[in-house]
>>> print(open('model27.cif').read())   # mmCIF, C-alpha atoms
data_structure
loop_
_atom_site.label_atom_id
_atom_site.label_comp_id
_atom_site.auth_asym_id
_atom_site.auth_seq_id
_atom_site.Cartn_x
_atom_site.Cartn_y
_atom_site.Cartn_z
CA MET A 188 0.00 0.00 0.00
CA SER A 189 1.27 3.45 -0.85
CA GLY A 190 2.47 5.59 2.04
CA SER A 191 1.82 8.88 0.28
CA PRO A 192 0.14 11.66 2.30
CA VAL A 193 -3.09 11.50 0.31
CA SER A 194 -3.41 7.75 0.81
CA ALA A 195 -2.88 8.20 4.56
CA ILE A 196 -5.96 10.43 4.84
CA ASP A 197 -7.97 8.23 2.48
CA GLN A 198 -7.00 5.06 4.31
CA ILE A 199 -7.86 6.49 7.71
CA ARG A 200 -11.18 7.72 6.38
CA ARG A 201 -11.94 4.05 5.65
CA TYR A 202 -11.80 3.55 9.44
CA GLN A 203 -14.05 6.54 10.10
CA ASP A 204 -17.07 4.59 11.34
CA GLU A 205 -14.94 2.47 13.66
CA LEU A 206 -13.03 5.46 15.01
CA THR A 207 -16.19 7.50 15.51
CA ALA A 208 -17.77 4.66 17.48
CA ILE A 209 -14.67 4.46 19.68
CA ARG A 210 -14.69 8.22 20.28
CA HIS A 211 -18.39 8.29 21.14
CA ASP A 212 -17.88 5.43 23.59
CA PHE A 213 -15.10 7.38 25.32
CA HIS A 214 -17.37 10.43 25.37
CA ILE A 215 -20.27 8.53 26.95
CA HIS A 216 -17.96 7.13 29.65
CA PRO A 217 -15.59 9.96 30.68
CA GLU A 218 -12.98 9.32 33.35
CA LEU A 219 -11.07 11.92 35.34
CA GLY A 220 -7.29 12.16 35.53
CA MET A 221 -5.47 9.10 36.90
CA GLU A 222 -8.79 7.20 36.93
CA GLU A 223 -8.86 6.24 33.24
CA HIS A 224 -9.00 2.49 33.86
CA ARG A 225 -11.79 1.75 31.37
CA THR A 226 -10.37 4.08 28.72
CA ALA A 227 -6.87 2.65 29.08
CA GLY A 228 -8.26 -0.87 28.87
CA ILE A 229 -9.99 -0.13 25.57
CA VAL A 230 -6.87 1.54 24.19
CA ALA A 231 -4.75 -1.48 25.12
CA GLU A 232 -7.22 -3.94 23.64
CA LYS A 233 -7.41 -2.04 20.35
CA LEU A 234 -3.63 -1.81 20.05
CA GLU A 235 -3.23 -5.51 20.76
CA SER A 236 -5.88 -6.40 18.20
CA TRP A 237 -3.79 -4.59 15.57
CA GLY A 238 -0.64 -6.52 16.48
CA ILE A 239 1.01 -3.76 18.50
CA GLU A 240 3.05 -4.58 21.62
CA VAL A 241 1.30 -3.08 24.66
CA HIS A 242 2.57 -1.94 28.05
CA ARG A 243 -0.08 -1.02 30.63
CA GLY A 244 -0.01 0.87 33.90
CA ILE A 245 2.73 3.37 32.97
CA GLY A 246 2.31 6.22 35.43
CA LYS A 247 -0.69 4.40 36.97
CA THR A 248 -3.18 4.39 34.07
CA GLY A 249 -0.98 5.26 31.09
CA VAL A 250 -0.54 2.95 28.11
CA VAL A 251 2.38 2.68 25.69
CA GLY A 252 2.14 0.79 22.41
CA VAL A 253 5.33 -0.24 20.60
CA LEU A 254 5.47 -0.89 16.86
CA ARG A 255 8.65 -1.79 14.98
CA ALA A 256 9.37 -1.98 11.28
CA GLY A 257 12.62 -2.55 9.42
CA LYS A 258 15.99 -2.43 11.12
CA GLY A 259 16.26 1.28 11.91
CA ASN A 260 17.51 2.22 15.35
CA ARG A 261 15.69 5.56 15.68
CA ALA A 262 12.42 5.92 17.59
CA VAL A 263 9.59 8.46 17.50
CA GLY A 264 7.03 9.02 20.26
CA LEU A 265 3.44 10.07 19.55
CA ARG A 266 1.42 11.25 22.54
CA ALA A 267 -2.29 11.75 23.28
CA ASP A 268 -4.10 12.56 26.54
CA MET A 269 -7.06 10.52 27.81
CA ASP A 270 -8.68 12.29 30.78
CA ALA A 271 -11.97 14.16 31.08
CA LEU A 272 -13.00 17.14 33.23
CA PRO A 273 -15.18 17.46 36.36
CA MET A 274 -18.01 19.25 34.52
CA THR A 275 -21.66 18.61 33.72
CA GLU A 276 -22.24 18.24 29.99
CA LYS A 277 -24.83 20.46 28.30
CA THR A 278 -24.52 19.42 24.65
CA GLY A 279 -27.74 17.39 24.38
CA LEU A 280 -25.92 14.94 22.11
CA PRO A 281 -27.17 11.35 21.81
CA TYR A 282 -23.74 10.22 23.01
CA ALA A 283 -23.47 12.77 25.84
CA SER A 284 -21.78 11.78 29.07
CA GLN A 285 -23.70 9.29 31.16
CA THR A 286 -21.54 9.99 34.21
CA PRO A 287 -22.91 12.90 36.27
CA GLY A 288 -20.41 15.69 36.81
CA LYS A 289 -17.86 14.40 34.28
CA MET A 290 -17.45 15.17 30.59
CA HIS A 291 -14.91 15.28 27.79
CA ALA A 292 -14.91 19.07 27.55
CA CYS A 293 -11.42 19.42 26.07
CA GLY A 294 -11.42 16.83 23.30
CA HIS A 295 -9.14 14.26 24.88
CA ASP A 296 -11.57 11.59 23.68
CA GLY A 297 -10.77 12.84 20.17
CA HIS A 298 -7.02 13.03 20.79
CA THR A 299 -6.98 9.42 21.98
CA THR A 300 -9.02 8.35 18.96
CA MET A 301 -6.73 10.17 16.53
CA LEU A 302 -3.70 8.39 17.94
CA LEU A 303 -5.53 5.05 17.73
CA GLY A 304 -6.29 5.81 14.09
CA ALA A 305 -2.61 6.47 13.42
CA ALA A 306 -1.66 3.25 15.21
CA LYS A 307 -4.07 1.19 13.11
CA TYR A 308 -2.79 2.75 9.90
CA LEU A 309 0.90 2.34 10.76
CA ALA A 310 0.36 -1.26 11.89
CA GLU A 311 -1.16 -2.01 8.49
CA THR A 312 1.24 -0.11 6.25
CA LYS A 313 4.54 -0.22 8.20
CA ASN A 314 5.85 2.40 5.81
CA PHE A 315 8.69 3.40 8.13
CA ASP A 316 12.03 2.11 9.37
CA GLY A 317 12.47 2.16 13.14
CA THR A 318 10.24 2.17 16.22
CA VAL A 319 7.08 4.07 17.09
CA HIS A 320 5.98 4.53 20.70
CA PHE A 321 2.28 5.37 21.02
CA ILE A 322 2.03 7.20 24.36
CA PHE A 323 -1.47 7.41 25.84
CA GLN A 324 -1.14 9.72 28.83
CA PRO A 325 -3.45 9.98 31.84
CA GLY A 326 -4.14 13.04 33.96
CA GLU A 327 -3.26 15.98 31.71
CA GLU A 328 -5.75 18.35 33.35
CA GLY A 329 -3.52 19.41 36.22
CA CYS A 330 -3.27 15.90 37.67
CA GLY A 331 0.43 15.34 36.95
CA GLY A 332 -0.01 12.57 34.41
CA ALA A 333 3.03 13.44 32.29
CA LEU A 334 5.27 13.59 35.35
CA ALA A 335 3.82 10.30 36.60
CA MET A 336 4.79 8.59 33.34
CA LEU A 337 8.25 10.17 33.43
CA GLU A 338 8.78 9.08 37.03
CA ASP A 339 7.77 5.58 35.95
CA GLY A 340 10.69 5.53 33.52
CA LEU A 341 8.82 6.44 30.33
CA PHE A 342 11.84 7.41 28.24
CA GLU A 343 14.22 4.97 29.91
CA ARG A 344 11.88 2.11 28.99
CA PHE A 345 10.77 3.57 25.66
CA PRO A 346 13.60 5.79 24.38
CA CYS A 347 12.60 8.38 21.77
CA ASP A 348 14.67 10.58 19.51
CA ALA A 349 11.73 12.94 18.99
CA ILE A 350 8.18 13.26 20.30
CA PHE A 351 5.06 14.82 18.81
CA GLY A 352 1.68 15.85 20.20
CA MET A 353 -1.37 17.78 19.11
CA HIS A 354 -4.52 19.46 20.37
CA ASN A 355 -7.76 20.28 18.63
CA ARG A 356 -8.50 23.97 18.09
CA PRO A 357 -12.15 25.06 17.87
CA ASN A 358 -12.97 27.75 15.32
CA MET A 359 -9.98 26.80 13.17
CA PRO A 360 -11.36 25.13 10.02
CA VAL A 361 -11.19 21.35 9.84
CA GLY A 362 -8.22 20.38 7.66
CA GLU A 363 -6.03 23.26 8.83
CA TYR A 364 -3.12 23.28 11.29
CA GLY A 365 -1.29 25.85 13.41
CA ILE A 366 2.17 25.69 14.95
CA ARG A 367 5.11 27.90 15.90
CA PRO A 368 8.74 27.32 16.91
CA GLY A 369 9.78 28.10 20.47
CA ALA A 370 7.28 28.92 23.20
CA THR A 371 3.81 27.88 22.08
CA ALA A 372 1.90 27.37 25.36
CA ALA A 373 2.46 28.94 28.74
CA GLY A 374 3.71 27.28 31.85
CA GLY A 375 1.27 27.41 34.72
CA ALA A 376 1.40 27.47 38.50
CA PHE A 377 -1.27 27.42 41.17
CA PHE A 378 -0.75 29.39 44.37
CA ASP A 379 -2.25 29.91 47.79
CA ILE A 380 -1.31 32.79 50.09
CA THR A 381 -2.35 32.22 53.68
CA ILE A 382 -2.51 35.38 55.81
CA GLN A 383 -2.36 34.95 59.58
CA GLY A 384 -3.89 37.74 61.64
CA LYS A 385 -5.72 38.00 64.95
CA GLY A 386 -9.46 37.62 65.15
CA ALA A 387 -11.84 39.87 67.06
CA HIS A 388 -15.41 41.12 67.17
CA GLY A 389 -16.30 43.21 64.14
CA ALA A 390 -17.20 46.06 66.48
CA ARG A 391 -13.69 46.15 67.97
CA PRO A 392 -11.23 46.17 65.05
CA GLU A 393 -8.61 47.92 67.19
CA VAL A 394 -7.86 44.70 69.06
CA SER A 395 -7.56 42.66 65.87
CA VAL A 396 -5.00 42.17 63.15
CA ASP A 397 -7.40 41.96 60.22
CA PRO A 398 -6.27 39.34 57.68
CA VAL A 399 -9.04 40.34 55.28
CA ILE A 400 -7.68 43.87 54.98
CA ALA A 401 -4.20 42.41 54.49
CA ALA A 402 -5.53 40.05 51.80
CA CYS A 403 -7.10 42.95 49.92
CA GLN A 404 -3.88 44.96 50.03
CA ILE A 405 -1.80 41.94 48.94
CA ALA A 406 -4.20 41.20 46.07
CA THR A 407 -3.65 44.69 44.71
CA ALA A 408 0.08 44.86 45.35
CA ILE A 409 0.78 41.49 43.70
CA GLN A 410 -0.20 42.93 40.33
CA THR A 411 3.03 44.95 40.46
CA VAL A 412 5.06 41.74 40.29
CA VAL A 413 4.46 41.36 36.56
CA ALA A 414 4.13 45.10 35.85
CA ARG A 415 7.36 46.11 37.58
CA ASN A 416 9.51 42.97 37.90
CA VAL A 417 9.07 41.02 34.67
CA SER A 418 10.42 42.33 31.36
CA PRO A 419 7.68 43.73 29.10
CA PHE A 420 9.09 41.46 26.40
CA GLU A 421 8.14 38.40 28.50
CA PRO A 422 4.37 37.68 28.52
CA ALA A 423 3.17 36.78 32.00
CA VAL A 424 0.01 37.02 34.06
CA ILE A 425 -1.06 36.58 37.67
CA SER A 426 -4.75 35.99 38.29
CA ILE A 427 -6.23 35.84 41.77
CA THR A 428 -9.33 33.70 41.35
CA LYS A 429 -10.40 32.96 44.90
CA ILE A 430 -10.51 34.87 48.21
CA GLN A 431 -11.60 33.17 51.40
CA GLY A 432 -11.83 34.58 54.89
CA GLY A 433 -14.35 34.57 57.69
CA ASP A 434 -17.69 32.90 58.32
CA ALA A 435 -19.80 35.57 60.07
CA TYR A 436 -20.89 39.15 59.48
CA ASN A 437 -19.64 40.40 62.84
CA VAL A 438 -16.41 38.46 63.33
CA ILE A 439 -12.98 39.48 62.07
CA PRO A 440 -11.33 36.11 61.32
CA ASP A 441 -7.90 34.86 62.27
CA THR A 442 -6.92 33.92 58.72
CA ALA A 443 -7.67 34.67 55.08
CA THR A 444 -6.48 33.00 51.89
CA LEU A 445 -5.82 34.21 48.35
CA SER A 446 -5.59 31.62 45.57
CA GLY A 447 -5.05 31.74 41.84
CA THR A 448 -2.81 30.98 38.90
CA ALA A 449 0.28 32.41 37.25
CA ARG A 450 1.23 31.91 33.58
CA PHE A 451 4.63 32.41 31.92
CA PHE A 452 6.78 31.25 29.01
CA SER A 453 10.00 30.32 30.79
CA ARG A 454 11.01 28.73 34.08
CA GLU A 455 13.16 31.79 34.77
CA VAL A 456 10.12 34.08 34.68
CA ALA A 457 8.24 31.57 36.84
CA GLN A 458 10.95 31.94 39.46
CA GLN A 459 10.81 35.74 39.18
CA ILE A 460 7.06 35.63 39.76
CA GLU A 461 7.32 33.28 42.73
CA ASP A 462 10.07 35.35 44.37
CA GLY A 463 8.18 38.59 43.75
CA MET A 464 4.89 37.26 45.08
CA ARG A 465 6.55 35.98 48.25
CA ARG A 466 8.33 39.28 48.83
CA VAL A 467 5.19 41.37 48.29
CA ALA A 468 2.89 39.12 50.31
CA GLU A 469 5.22 38.88 53.28
CA GLY A 470 6.10 42.58 53.18
CA VAL A 471 2.55 43.90 52.89
CA ALA A 472 1.32 41.53 55.58
CA ALA A 473 4.13 42.52 57.92
CA GLY A 474 3.39 46.20 57.39
CA LEU A 475 -0.16 45.55 58.67
CA GLY A 476 0.96 43.47 61.62
CA ALA A 477 0.06 40.11 60.04
CA SER A 478 2.12 37.37 58.41
CA ALA A 479 1.76 35.67 55.03
CA GLU A 480 2.93 32.35 53.63
CA LEU A 481 3.04 31.58 49.89
CA ASP A 482 2.56 28.07 48.50
CA PHE A 483 3.54 28.28 44.80
CA ARG A 484 3.18 25.03 42.83
CA LEU A 485 4.38 24.50 39.25
CA ILE A 486 1.64 22.50 37.51
CA PHE A 487 2.73 22.90 33.88
CA ALA A 488 6.12 23.72 32.39
CA PRO A 489 6.16 26.07 29.38
CA THR A 490 5.65 24.19 26.10
CA ILE A 491 8.70 24.87 23.94
CA ASN A 492 8.73 23.58 20.36
CA ASP A 493 12.06 22.44 18.94
CA PRO A 494 12.64 24.61 15.82
CA GLU A 495 13.75 21.78 13.52
CA LEU A 496 10.99 19.42 14.60
CA THR A 497 8.46 22.24 14.30
CA THR A 498 9.48 22.68 10.68
CA ALA A 499 9.28 18.93 10.12
CA PHE A 500 5.78 18.76 11.66
CA ALA A 501 4.60 21.74 9.61
CA ASP A 502 6.10 20.24 6.45
CA ALA A 503 4.28 16.96 7.13
CA ALA A 504 1.01 18.86 7.60
CA ALA A 505 1.58 20.83 4.40
CA GLY A 506 2.18 17.57 2.58
CA LEU A 507 -1.28 16.46 3.66
CA VAL A 508 -3.38 19.57 3.01
CA GLY A 509 -1.21 22.12 1.21
CA GLU A 510 0.98 24.95 2.46
CA GLU A 511 -1.88 27.46 2.48
CA LYS A 512 -3.64 25.50 5.23
CA VAL A 513 -0.71 25.45 7.65
CA ALA A 514 -0.06 28.48 9.88
CA ARG A 515 3.64 28.22 10.71
CA ASN A 516 3.78 31.14 13.16
CA LYS A 517 0.61 30.72 15.22
CA GLU A 518 0.35 33.09 18.16
CA PRO A 519 1.28 31.44 21.46
CA GLY A 520 -1.47 30.87 23.99
CA MET A 521 -1.55 31.47 27.74
CA GLY A 522 -3.17 28.09 28.31
CA SER A 523 -0.95 25.25 29.47
CA GLU A 524 -0.16 21.68 28.45
CA ASP A 525 1.72 19.11 30.54
CA PHE A 526 3.17 17.45 27.42
CA SER A 527 5.70 20.19 28.11
CA PHE A 528 7.33 18.05 30.82
CA MET A 529 7.97 15.30 28.26
CA MET A 530 9.37 17.89 25.83
CA GLU A 531 11.86 19.00 28.48
CA LYS A 532 13.31 15.47 28.35
CA VAL A 533 13.08 14.75 24.61
CA PRO A 534 12.97 17.32 21.80
CA GLY A 535 9.52 17.58 20.28
CA ALA A 536 6.82 19.64 18.63
CA TYR A 537 3.19 20.33 19.43
CA ILE A 538 0.62 21.38 16.84
CA HIS A 539 -3.01 22.49 16.74
CA VAL A 540 -5.46 20.80 14.39
CA GLY A 541 -8.63 22.57 13.29
CA ASN A 542 -11.85 21.43 14.98
CA GLY A 543 -14.29 23.65 13.07
CA PRO A 544 -16.85 26.05 14.56
CA GLY A 545 -18.08 25.39 18.07
CA ALA A 546 -17.68 25.98 21.78
CA THR A 547 -14.21 26.39 23.22
CA PRO A 548 -12.63 23.75 25.47
CA HIS A 549 -13.66 23.61 29.15
CA ASN A 550 -17.16 24.72 28.17
CA PRO A 551 -20.16 22.47 28.95
CA ALA A 552 -21.31 22.86 25.32
CA TYR A 553 -17.97 21.75 23.83
CA ASN A 554 -17.74 18.72 21.53
CA PHE A 555 -14.88 17.25 19.52
CA ASN A 556 -15.58 17.20 15.78
CA ASP A 557 -15.33 13.67 14.37
CA GLU A 558 -14.44 15.11 10.95
CA THR A 559 -11.14 16.21 12.53
CA THR A 560 -10.08 12.64 13.31
CA PRO A 561 -8.58 11.69 9.90
CA TYR A 562 -6.51 14.88 9.80
CA GLY A 563 -5.00 14.30 13.23
CA ALA A 564 -4.43 10.58 12.67
CA ALA A 565 -2.92 11.11 9.23
CA LEU A 566 -0.53 13.77 10.54
CA TYR A 567 0.65 11.48 13.34
CA ALA A 568 1.27 8.77 10.73
CA ARG A 569 2.94 11.11 8.27
CA ILE A 570 5.42 12.50 10.80
CA VAL A 571 6.48 8.93 11.55
CA GLU A 572 6.97 8.21 7.85
CA THR A 573 9.07 11.35 7.38
CA GLN A 574 11.09 10.99 10.60
CA LEU A 575 11.72 7.27 10.08
CA PRO A 576 11.95 6.99 6.30
CA LYS A 577 12.50 3.71 4.55
CA GLY A 578 15.86 3.46 2.83
#
>>> encode(input="model27.cif", output="structure tokens")
Amino acid sequence: MSGSPVSAIDQIRRYQDELTAIRHDFHIHPELGMEEHRTAGIVAEKLESWGIEVHRGIGKTGVVGVLRAGKGNRAVGLRADMDALPMTEKTGLPYASQTPGKMHACGHDGHTTMLLGAAKYLAETKNFDGTVHFIFQPGEEGCGGALAMLEDGLFERFPCDAIFGMHNRPNMPVGEYGIRPGATAAGGAFFDITIQGKGAHGARPEVSVDPVIAACQIATAIQTVVARNVSPFEPAVISITKIQGGDAYNVIPDTATLSGTARFFSREVAQQIEDGMRRVAEGVAAGLGASAELDFRLIFAPTINDPELTTAFADAAAGLVGEEKVARNKEPGMGSEDFSFMMEKVPGAYIHVGNGPGATPHNPAYNFNDETTPYGAALYARIVETQLPKG
């Protein structure tokens, strides 16, 4: 069978009914991060049925499929995420989630299906020389799934010379792709600032050290960390998304807490933000007679595309759909992706694939577009064929 780009799309379209049924099944039965036992089981069974070597339980619920062809000693990793979100679906679809409070609101059901489609195609054609590792990752949504797989020896057990991943992009036309070299998605941290004061009756503030007042002052002052400490050439943001303190109208509490997220495009800026937040929080609190403690937790590293592999991924996409449908300098986004931790260990590239018009991810009305599946699967397959060419 020909391994040309056109035949890859056409061949995968022949699996469309099967792949759509798989995706709808995942969508009906969503599983949260690190709980993807059913999903992982189906992935493993499908891979085995296509003659692919399967390794289960990598990083708890992760799955790695291994496919070899020829005698080449190079290996490529292809990665997809499997987890759903703790949300109530409001799509009204016939295959909507049947699990209350859980839904595939980010398209990971589609990502998993696209990688399965590529695996089926590559197992049939074997139009490459080397080894492909199909990496099905649990817990991408802030659950530490990538790190769990790495700590379980992912790249020691399944060495890769390059790795590739993708994400659907709503409101980009189906059949189009977007990528950029360098920083493409922000790193992300969650933080909590706990302010310790001294409680009192609301009628006697003079005998208190009011942590709520301190929290308000800290919330304002922290915005200077980015504005006056981070270079204006380095995009960064601090968002306080939660303030907690007190339980009664007439009681000044002992403590108050500020929580939120920070986003950045380098670990150096992340450290600047953490240091600045700690300095401001402790200093403002001390000036008001209180104390403050910062808990700053890196959840996602910045996603940094290797320039050469970015070009290779874009070239593979252009070979499928034409140069005019590939944006090679897509604007970076402030969202985060924990594939970044894998890309810190092995050079890689991460691309967006058009999902057509519709709701954005993390929205209860979101749905992955099944027409996107052949384009994602074919690109996964094509990058293998170009990275591991037959002699």
>>> closest_residue(input="model27.cif", among="A:Pro325, A:Gly352, A:Pro419, A:Gly432", to="Met221 of chain A", atoms="only C-alpha atoms")
A:Pro325
>>> resolve_selection(input="model27.cif", expression="the PyMOL selection byres ((chain A and resi 461-464) around 8)", output="list in words")
Ile409, Val412, Asn416, Ala457, Gln458, Gln459, Ile460, Arg465, Arg466, Val467, Ala468, Leu481 and Phe483 of chain A
>>> axis_aligned_box(input="model27.cif", around="segment 390-399 of chain A", padding_each_side="8 Å", output="lines of an AutoDock Vina configuration file")
center_x = -11.1
center_y = 43.6
center_z = 62.2
size_x = 28.2
size_y = 24.6
size_z = 29.8
>>> closest_residue(input="model27.cif", among="A:Ser426, A:Thr312, A:Asn355, A:Thr448", to="Cys293 of chain A", atoms="all atoms listed in the file")
A:Asn355
>>> closest_residue(input="model27.cif", among="A:Ala231, A:Ile215, A:Ala406, A:Leu303", to="Tyr282 of chain A", atoms="all atoms listed in the file")
A:Ile215
>>> atom_distance(input="model27.cif", atom1="atom CA of Lys512 of chain A", atom2="atom CA of Pro360 of chain A")
9.1 Å
>>> resolve_selection(input="model27.cif", expression="the PyMOL selection byres ((chain A and resi 233) around 12)", output="list in words")
Glu205, Leu206, Ile209, Thr226, Ala227, Gly228, Ile229, Val230, Ala231, Glu232, Leu234, Glu235, Ser236, Trp237, Gly238, Ile239, Glu240, Val241, Val250, Gly252, Thr299, Thr300, Leu302, Leu303, Gly304, Ala305, Ala306, Lys307 and Ala310 of chain A
>>> residues_around(input="model27.cif", residues="Gly369 of chain A", least_positions_apart="5", cutoff="7 Å", atoms="all atoms listed in the file", output="PyMOL selection string")
chain A and resi 491-494
>>> residues_near_point(input="model27.cif", point="(-22.1, 20.8, 25.9)", cutoff="8 Å", atoms="only C-alpha atoms", output="PyMOL selection string")
chain A and resi 276-280+292+546+550-554
>>> closest_atom_pairs(input="model27.cif", of="segment 229-316 of chain A", to="segment 337-351 of chain A", cutoff="8 Å", atoms="all atoms listed in the file", output="CSV")
residue,atom,partner,partner_atom,distance
A:Ile245,CA,A:Asp339,CA,6.3
A:Gly246,CA,A:Asp339,CA,5.5
A:Arg261,CA,A:Asp348,CA,6.4
A:Ala262,CA,A:Cys347,CA,4.9
A:Val263,CA,A:Ala349,CA,5.2
A:Gly264,CA,A:Ile350,CA,4.4
A:Leu265,CA,A:Phe351,CA,5.1
A:Arg266,CA,A:Phe351,CA,6.3
>>> decode(input="model27.cif", residues="segment 528-535 of chain A", atoms="all heavy atoms", output="PDB file, in the first residue's frame")
ATOM      1  N   PHE A 528       6.354  18.753  29.983  1.00  0.00           N
ATOM      2  CA  PHE A 528       7.332  18.051  30.818  1.00  0.00           C
ATOM      3  C   PHE A 528       8.050  16.963  30.016  1.00  0.00           C
ATOM      4  O   PHE A 528       9.253  16.739  30.206  1.00  0.00           O
ATOM      5  CB  PHE A 528       6.652  17.442  32.040  1.00  0.00           C
ATOM      6  CG  PHE A 528       6.190  18.448  33.053  1.00  0.00           C
ATOM      7  CD1 PHE A 528       4.846  18.640  33.301  1.00  0.00           C
ATOM      8  CD2 PHE A 528       7.108  19.215  33.762  1.00  0.00           C
ATOM      9  CE1 PHE A 528       4.415  19.566  34.250  1.00  0.00           C
ATOM     10  CE2 PHE A 528       6.694  20.150  34.703  1.00  0.00           C
ATOM     11  CZ  PHE A 528       5.338  20.326  34.944  1.00  0.00           C
ATOM     12  N   MET A 529       7.332  16.296  29.121  1.00  0.00           N
ATOM     13  CA  MET A 529       7.974  15.304  28.257  1.00  0.00           C
ATOM     14  C   MET A 529       8.940  15.987  27.296  1.00  0.00           C
ATOM     15  O   MET A 529      10.031  15.476  27.009  1.00  0.00           O
ATOM     16  CB  MET A 529       6.926  14.518  27.485  1.00  0.00           C
ATOM     17  CG  MET A 529       6.016  13.657  28.350  1.00  0.00           C
ATOM     18  SD  MET A 529       4.906  12.631  27.336  1.00  0.00           S
ATOM     19  CE  MET A 529       3.885  11.884  28.626  1.00  0.00           C
ATOM     20  N   MET A 530       8.542  17.169  26.788  1.00  0.00           N
ATOM     21  CA  MET A 530       9.372  17.889  25.831  1.00  0.00           C
ATOM     22  C   MET A 530      10.608  18.505  26.478  1.00  0.00           C
ATOM     23  O   MET A 530      11.533  18.914  25.770  1.00  0.00           O
ATOM     24  CB  MET A 530       8.541  18.955  25.119  1.00  0.00           C
ATOM     25  CG  MET A 530       7.460  18.366  24.223  1.00  0.00           C
ATOM     26  SD  MET A 530       6.299  19.597  23.580  1.00  0.00           S
ATOM     27  CE  MET A 530       7.345  20.510  22.460  1.00  0.00           C
ATOM     28  N   GLU A 531      10.633  18.596  27.807  1.00  0.00           N
ATOM     29  CA  GLU A 531      11.861  19.005  28.484  1.00  0.00           C
ATOM     30  C   GLU A 531      12.883  17.875  28.507  1.00  0.00           C
ATOM     31  O   GLU A 531      14.078  18.123  28.680  1.00  0.00           O
ATOM     32  CB  GLU A 531      11.554  19.457  29.907  1.00  0.00           C
ATOM     33  CG  GLU A 531      10.861  20.799  29.991  1.00  0.00           C
ATOM     34  CD  GLU A 531      10.681  21.288  31.415  1.00  0.00           C
ATOM     35  OE1 GLU A 531      10.523  20.451  32.330  1.00  0.00           O
ATOM     36  OE2 GLU A 531      10.697  22.518  31.620  1.00  0.00           O
ATOM     37  N   LYS A 532      12.425  16.635  28.322  1.00  0.00           N
ATOM     38  CA  LYS A 532      13.314  15.472  28.351  1.00  0.00           C
ATOM     39  C   LYS A 532      13.742  15.031  26.959  1.00  0.00           C
ATOM     40  O   LYS A 532      14.860  14.534  26.763  1.00  0.00           O
ATOM     41  CB  LYS A 532      12.612  14.297  29.046  1.00  0.00           C
ATOM     42  CG  LYS A 532      12.153  14.589  30.466  1.00  0.00           C
ATOM     43  CD  LYS A 532      13.309  14.875  31.395  1.00  0.00           C
ATOM     44  CE  LYS A 532      12.824  15.089  32.826  1.00  0.00           C
ATOM     45  NZ  LYS A 532      13.950  15.437  33.745  1.00  0.00           N
ATOM     46  N   VAL A 533      12.831  15.169  25.994  1.00  0.00           N
ATOM     47  CA  VAL A 533      13.081  14.748  24.614  1.00  0.00           C
ATOM     48  C   VAL A 533      12.623  15.879  23.698  1.00  0.00           C
ATOM     49  O   VAL A 533      11.523  16.416  23.894  1.00  0.00           O
ATOM     50  CB  VAL A 533      12.307  13.450  24.282  1.00  0.00           C
ATOM     51  CG1 VAL A 533      12.467  13.079  22.811  1.00  0.00           C
ATOM     52  CG2 VAL A 533      12.779  12.300  25.176  1.00  0.00           C
ATOM     53  N   PRO A 534      13.417  16.252  22.693  1.00  0.00           N
ATOM     54  CA  PRO A 534      12.966  17.319  21.795  1.00  0.00           C
ATOM     55  C   PRO A 534      11.684  16.923  21.074  1.00  0.00           C
ATOM     56  O   PRO A 534      11.487  15.760  20.709  1.00  0.00           O
ATOM     57  CB  PRO A 534      14.136  17.491  20.819  1.00  0.00           C
ATOM     58  CG  PRO A 534      14.918  16.217  20.916  1.00  0.00           C
ATOM     59  CD  PRO A 534      14.742  15.734  22.327  1.00  0.00           C
ATOM     60  N   GLY A 535      10.803  17.905  20.889  1.00  0.00           N
ATOM     61  CA  GLY A 535       9.520  17.580  20.281  1.00  0.00           C
ATOM     62  C   GLY A 535       8.842  18.790  19.702  1.00  0.00           C
ATOM     63  O   GLY A 535       9.363  19.911  19.708  1.00  0.00           O
TER      64      GLY A 535
END
